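Enquirer: First the structure, which I've put down as structure tokens, then a few questions once you've had a look.
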Protein chains: 2
Amino acid sequence: MEKISLNPIGIVHSPFKEPVGVPKDSTDGMDYQGTIEIFSEYRDGLKDLDGFSHILVLFYFHKSEYSHLIVKPYLDDHLRGVFATRSPHRPNFIGLSVVELLEIDGGILHIKGIDMIEGTPILDIKPYIPEFDSNEGIRIGWLEGKI
Amino acid sequence: MEKISLNPIGIVHSPFKEPVGVPKDSTDGMDYQGTIEIFSEYRDGLKDLDGFSHILVLFYFHKSEYSHLIVKPYLDDHLRGVFATRSPHRPNFIGLSVVELLEIDGGILHIKGIDMIEGTPILDIKPYIPEFDSNEGIRIGWLEGKI
């Protein structure tokens, strides 16, 4: 199958400058704020986004240098399949976080719950819609009892 | 910023062969089942995924041929910024669905709630974790009252 090529639409400005010490997920980082700078050529696409309290942020783990199919997640002592984890060392270095959208100022999104580091390239922003993105009757496998 | 290059890890087999008639989201498509075939070289990464009832599927809108910053979403008569919608005609053609994982058979994921068409390239699979991916006190902007 052909390779897929993407262009970043923006960049993260974060209190976290390096992967060490960064919150492991947006819940862990819920007290931390940062910004997403959307590049000028994409800003018209932000219209109406300010009505949403939360957004889905798709980003690129630009500090990942390798991928493994089996990883030891930070919440566990066992080796797990990478697709059963949120490890950054995955076949495609795509990350996903749900963050609170505090304010949009021009092309700058002020967010809360940041778990991305400074300079992270942004691939997409989508509105968080509970009817689409949330479910009941959930089982969470190896994570049960750990979060 | 540099382009980002990704390799699909799998492909969708769907009852929907063309974009016309495909469910608009995984809630709309909740009665429909299909499969995701993970390519053999990535299958070791599926270990432990069967403990999760729902998964996040990141895919490529391979039938999208253009992107717009302003779109008219299917649930509305007004023009909206593309990042405030789930339109496939976005700057990077990445789609995201939460689907129910029924069974894993070798490298084949049997899923329910499919809103992807036949041949859709898969970029990533992540476990759906309510603590990370779900929130309370949500506002949904222009979608309020429409879903």
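Residue names in the structure tokens use chain letters A, B, ... in the order shown, residue numbers from 1 in each chain, and ligand numbers from 1 in the order shown.
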Present chain A as a PDB file with C-alpha atoms, in the first residue's frame, least-squares fitted onto chain B over all of its C-alpha atoms paired in order.
Expert:
ATOM      1  CA  MET A   1       7.553  22.310   8.664  1.00  0.00           C
ATOM      2  CA  GLU A   2       8.544  19.040   7.045  1.00  0.00           C
ATOM      3  CA  LYS A   3       6.063  16.670   5.492  1.00  0.00           C
ATOM      4  CA  ILE A   4       5.245  13.571   7.509  1.00  0.00           C
ATOM      5  CA  SER A   5       5.173  10.172   5.889  1.00  0.00           C
ATOM      6  CA  LEU A   6       3.067   7.269   7.152  1.00  0.00           C
ATOM      7  CA  ASN A   7       2.643   3.633   6.178  1.00  0.00           C
ATOM      8  CA  PRO A   8      -0.804   2.048   6.441  1.00  0.00           C
ATOM      9  CA  ILE A   9      -0.882  -0.856   8.916  1.00  0.00           C
ATOM     10  CA  GLY A  10      -4.057  -2.424   7.569  1.00  0.00           C
ATOM     11  CA  ILE A  11      -7.157  -2.108   5.449  1.00  0.00           C
ATOM     12  CA  VAL A  12     -10.930  -2.002   6.028  1.00  0.00           C
ATOM     13  CA  HIS A  13     -13.401  -4.516   4.627  1.00  0.00           C
ATOM     14  CA  SER A  14     -16.804  -2.907   4.755  1.00  0.00           C
ATOM     15  CA  PRO A  15     -20.361  -3.483   3.566  1.00  0.00           C
ATOM     16  CA  PHE A  16     -20.083   0.056   2.156  1.00  0.00           C
ATOM     17  CA  LYS A  17     -18.309   0.088  -1.172  1.00  0.00           C
ATOM     18  CA  GLU A  18     -18.610   3.797  -1.989  1.00  0.00           C
ATOM     19  CA  PRO A  19     -18.902   7.031   0.029  1.00  0.00           C
ATOM     20  CA  VAL A  20     -22.553   7.433  -0.982  1.00  0.00           C
ATOM     21  CA  GLY A  21     -24.748   5.824   1.678  1.00  0.00           C
ATOM     22  CA  VAL A  22     -21.970   5.245   4.200  1.00  0.00           C
ATOM     23  CA  PRO A  23     -22.961   6.048   7.789  1.00  0.00           C
ATOM     24  CA  LYS A  24     -21.933   9.578   8.690  1.00  0.00           C
ATOM     25  CA  ASP A  25     -20.352   8.444  11.924  1.00  0.00           C
ATOM     26  CA  SER A  26     -19.968   5.297  13.993  1.00  0.00           C
ATOM     27  CA  THR A  27     -23.186   6.022  15.940  1.00  0.00           C
ATOM     28  CA  ASP A  28     -25.122   6.269  12.694  1.00  0.00           C
ATOM     29  CA  GLY A  29     -23.423   3.029  11.602  1.00  0.00           C
ATOM     30  CA  MET A  30     -23.772   1.220  14.904  1.00  0.00           C
ATOM     31  CA  ASP A  31     -25.748  -1.665  13.443  1.00  0.00           C
ATOM     32  CA  TYR A  32     -23.209  -2.349  10.693  1.00  0.00           C
ATOM     33  CA  GLN A  33     -20.330  -4.762  11.007  1.00  0.00           C
ATOM     34  CA  GLY A  34     -17.122  -5.103   9.087  1.00  0.00           C
ATOM     35  CA  THR A  35     -13.499  -6.092   9.546  1.00  0.00           C
ATOM     36  CA  ILE A  36     -10.100  -4.496   9.750  1.00  0.00           C
ATOM     37  CA  GLU A  37      -7.321  -6.597   8.282  1.00  0.00           C
ATOM     38  CA  ILE A  38      -4.029  -5.792   9.981  1.00  0.00           C
ATOM     39  CA  PHE A  39      -1.094  -6.522   7.690  1.00  0.00           C
ATOM     40  CA  SER A  40       0.981  -9.534   8.761  1.00  0.00           C
ATOM     41  CA  GLU A  41       4.084  -7.534   9.713  1.00  0.00           C
ATOM     42  CA  TYR A  42       2.129  -5.569  12.345  1.00  0.00           C
ATOM     43  CA  ARG A  43       0.027  -8.355  13.882  1.00  0.00           C
ATOM     44  CA  ASP A  44       2.261  -8.942  16.908  1.00  0.00           C
ATOM     45  CA  GLY A  45       1.165  -5.481  18.041  1.00  0.00           C
ATOM     46  CA  LEU A  46      -2.414  -6.749  18.530  1.00  0.00           C
ATOM     47  CA  LYS A  47      -1.497  -8.731  21.682  1.00  0.00           C
ATOM     48  CA  ASP A  48      -3.821  -7.857  24.606  1.00  0.00           C
ATOM     49  CA  LEU A  49      -6.114  -5.718  22.452  1.00  0.00           C
ATOM     50  CA  ASP A  50      -8.894  -8.313  22.821  1.00  0.00           C
ATOM     51  CA  GLY A  51      -9.443  -7.214  26.439  1.00  0.00           C
ATOM     52  CA  PHE A  52     -10.851  -3.907  25.229  1.00  0.00           C
ATOM     53  CA  SER A  53     -14.491  -3.608  24.219  1.00  0.00           C
ATOM     54  CA  HIS A  54     -13.955  -0.501  22.075  1.00  0.00           C
ATOM     55  CA  ILE A  55     -11.086   0.798  19.986  1.00  0.00           C
ATOM     56  CA  LEU A  56     -10.073   4.070  18.393  1.00  0.00           C
ATOM     57  CA  VAL A  57      -9.468   3.633  14.688  1.00  0.00           C
ATOM     58  CA  LEU A  58      -7.379   6.199  12.842  1.00  0.00           C
ATOM     59  CA  PHE A  59      -7.813   5.899   9.116  1.00  0.00           C
ATOM     60  CA  TYR A  60      -7.162   7.701   5.851  1.00  0.00           C
ATOM     61  CA  PHE A  61     -10.045   9.203   3.837  1.00  0.00           C
ATOM     62  CA  HIS A  62      -8.610   7.737   0.620  1.00  0.00           C
ATOM     63  CA  LYS A  63     -11.578   8.891  -1.486  1.00  0.00           C
ATOM     64  CA  SER A  64     -11.111  12.537  -0.504  1.00  0.00           C
ATOM     65  CA  GLU A  65      -9.677  14.447  -3.427  1.00  0.00           C
ATOM     66  CA  TYR A  66      -9.834  17.980  -2.134  1.00  0.00           C
ATOM     67  CA  SER A  67      -9.911  19.873   1.140  1.00  0.00           C
ATOM     68  CA  HIS A  68     -11.825  22.980   2.115  1.00  0.00           C
ATOM     69  CA  LEU A  69     -11.401  25.203   5.163  1.00  0.00           C
ATOM     70  CA  ILE A  70     -15.106  26.076   5.136  1.00  0.00           C
ATOM     71  CA  VAL A  71     -17.644  23.258   4.669  1.00  0.00           C
ATOM     72  CA  LYS A  72     -21.364  22.628   4.945  1.00  0.00           C
ATOM     73  CA  PRO A  73     -21.714  19.695   7.356  1.00  0.00           C
ATOM     74  CA  TYR A  74     -24.411  17.092   6.788  1.00  0.00           C
ATOM     75  CA  LEU A  75     -26.141  18.022  10.064  1.00  0.00           C
ATOM     76  CA  ASP A  76     -26.425  21.703   9.265  1.00  0.00           C
ATOM     77  CA  ASP A  77     -27.362  24.264   6.626  1.00  0.00           C
ATOM     78  CA  HIS A  78     -24.674  26.756   7.616  1.00  0.00           C
ATOM     79  CA  LEU A  79     -21.086  26.971   6.508  1.00  0.00           C
ATOM     80  CA  ARG A  80     -18.681  25.935   9.274  1.00  0.00           C
ATOM     81  CA  GLY A  81     -14.928  25.876   9.756  1.00  0.00           C
ATOM     82  CA  VAL A  82     -13.680  22.419   8.800  1.00  0.00           C
ATOM     83  CA  PHE A  83     -11.967  21.890  12.179  1.00  0.00           C
ATOM     84  CA  ALA A  84     -15.383  22.352  13.836  1.00  0.00           C
ATOM     85  CA  THR A  85     -16.709  19.420  11.749  1.00  0.00           C
ATOM     86  CA  ARG A  86     -15.850  15.809  11.022  1.00  0.00           C
ATOM     87  CA  SER A  87     -15.829  16.380   7.245  1.00  0.00           C
ATOM     88  CA  PRO A  88     -13.489  14.125   5.224  1.00  0.00           C
ATOM     89  CA  HIS A  89     -12.455  17.125   3.109  1.00  0.00           C
ATOM     90  CA  ARG A  90      -9.916  18.438   5.640  1.00  0.00           C
ATOM     91  CA  PRO A  91      -6.314  19.554   5.234  1.00  0.00           C
ATOM     92  CA  ASN A  92      -5.023  16.121   6.284  1.00  0.00           C
ATOM     93  CA  PHE A  93      -7.391  13.323   5.293  1.00  0.00           C
ATOM     94  CA  ILE A  94      -7.351  11.600   8.691  1.00  0.00           C
ATOM     95  CA  GLY A  95     -10.523  10.076  10.095  1.00  0.00           C
ATOM     96  CA  LEU A  96     -11.199   8.873  13.616  1.00  0.00           C
ATOM     97  CA  SER A  97     -13.905   6.471  14.767  1.00  0.00           C
ATOM     98  CA  VAL A  98     -14.690   4.714  18.011  1.00  0.00           C
ATOM     99  CA  VAL A  99     -15.962   1.218  17.193  1.00  0.00           C
ATOM    100  CA  GLU A 100     -16.899  -1.857  19.184  1.00  0.00           C
ATOM    101  CA  LEU A 101     -14.362  -4.675  18.970  1.00  0.00           C
ATOM    102  CA  LEU A 102     -16.300  -7.938  18.680  1.00  0.00           C
ATOM    103  CA  GLU A 103     -13.475 -10.402  18.149  1.00  0.00           C
ATOM    104  CA  ILE A 104      -9.917 -10.716  16.940  1.00  0.00           C
ATOM    105  CA  ASP A 105      -9.252 -13.659  14.638  1.00  0.00           C
ATOM    106  CA  GLY A 106      -5.564 -13.759  13.725  1.00  0.00           C
ATOM    107  CA  GLY A 107      -4.958 -10.391  12.147  1.00  0.00           C
ATOM    108  CA  ILE A 108      -8.628  -9.707  11.494  1.00  0.00           C
ATOM    109  CA  LEU A 109     -10.527  -7.368  13.822  1.00  0.00           C
ATOM    110  CA  HIS A 110     -14.291  -7.866  13.678  1.00  0.00           C
ATOM    111  CA  ILE A 111     -15.892  -4.517  14.469  1.00  0.00           C
ATOM    112  CA  LYS A 112     -19.343  -3.070  14.952  1.00  0.00           C
ATOM    113  CA  GLY A 113     -20.295   0.532  14.280  1.00  0.00           C
ATOM    114  CA  ILE A 114     -18.410   0.808  11.006  1.00  0.00           C
ATOM    115  CA  ASP A 115     -18.495   4.134   9.157  1.00  0.00           C
ATOM    116  CA  MET A 116     -15.589   3.470   6.796  1.00  0.00           C
ATOM    117  CA  ILE A 117     -15.748   2.252   3.228  1.00  0.00           C
ATOM    118  CA  GLU A 118     -14.152  -0.778   1.596  1.00  0.00           C
ATOM    119  CA  GLY A 119     -10.416  -0.372   1.107  1.00  0.00           C
ATOM    120  CA  THR A 120      -9.905   2.388   3.668  1.00  0.00           C
ATOM    121  CA  PRO A 121      -6.246   2.407   4.788  1.00  0.00           C
ATOM    122  CA  ILE A 122      -5.749   2.085   8.558  1.00  0.00           C
ATOM    123  CA  LEU A 123      -3.090   4.282  10.174  1.00  0.00           C
ATOM    124  CA  ASP A 124      -3.345   3.267  13.816  1.00  0.00           C
ATOM    125  CA  ILE A 125      -5.400   1.343  16.363  1.00  0.00           C
ATOM    126  CA  LYS A 126      -5.531   2.516  19.983  1.00  0.00           C
ATOM    127  CA  PRO A 127      -7.472   1.172  22.962  1.00  0.00           C
ATOM    128  CA  TYR A 128     -10.482   3.285  23.877  1.00  0.00           C
ATOM    129  CA  ILE A 129      -9.983   4.360  27.503  1.00  0.00           C
ATOM    130  CA  PRO A 130     -12.852   6.403  28.990  1.00  0.00           C
ATOM    131  CA  GLU A 131     -10.541   8.023  31.553  1.00  0.00           C
ATOM    132  CA  PHE A 132      -8.441   9.468  28.723  1.00  0.00           C
ATOM    133  CA  ASP A 133     -10.961   9.871  25.926  1.00  0.00           C
ATOM    134  CA  SER A 134     -14.167  10.895  27.623  1.00  0.00           C
ATOM    135  CA  ASN A 135     -15.183  14.009  29.490  1.00  0.00           C
ATOM    136  CA  GLU A 136     -17.997  15.648  31.395  1.00  0.00           C
ATOM    137  CA  GLY A 137     -19.338  19.174  31.164  1.00  0.00           C
ATOM    138  CA  ILE A 138     -19.176  19.139  27.390  1.00  0.00           C
ATOM    139  CA  ARG A 139     -20.425  21.863  25.050  1.00  0.00           C
ATOM    140  CA  ILE A 140     -20.872  20.950  21.396  1.00  0.00           C
ATOM    141  CA  GLY A 141     -21.310  24.315  19.714  1.00  0.00           C
ATOM    142  CA  TRP A 142     -23.259  24.367  16.453  1.00  0.00           C
ATOM    143  CA  LEU A 143     -24.202  20.695  16.916  1.00  0.00           C
ATOM    144  CA  GLU A 144     -26.296  21.428  20.008  1.00  0.00           C
ATOM    145  CA  GLY A 145     -29.800  20.052  19.459  1.00  0.00           C
ATOM    146  CA  LYS A 146     -28.904  18.421  16.145  1.00  0.00           C
ATOM    147  CA  ILE A 147     -27.793  14.998  17.443  1.00  0.00           C
TER     148      ILE A 147
END
Enquirer: For the strand (DSSP E or B) assignment from backbone DSSP, which residues of range 58-116 of chain A qualify? Please present them as a PyMOL selection string.
Expert: chain A and resi 58-60+70-71+80-81+94-105+108-112
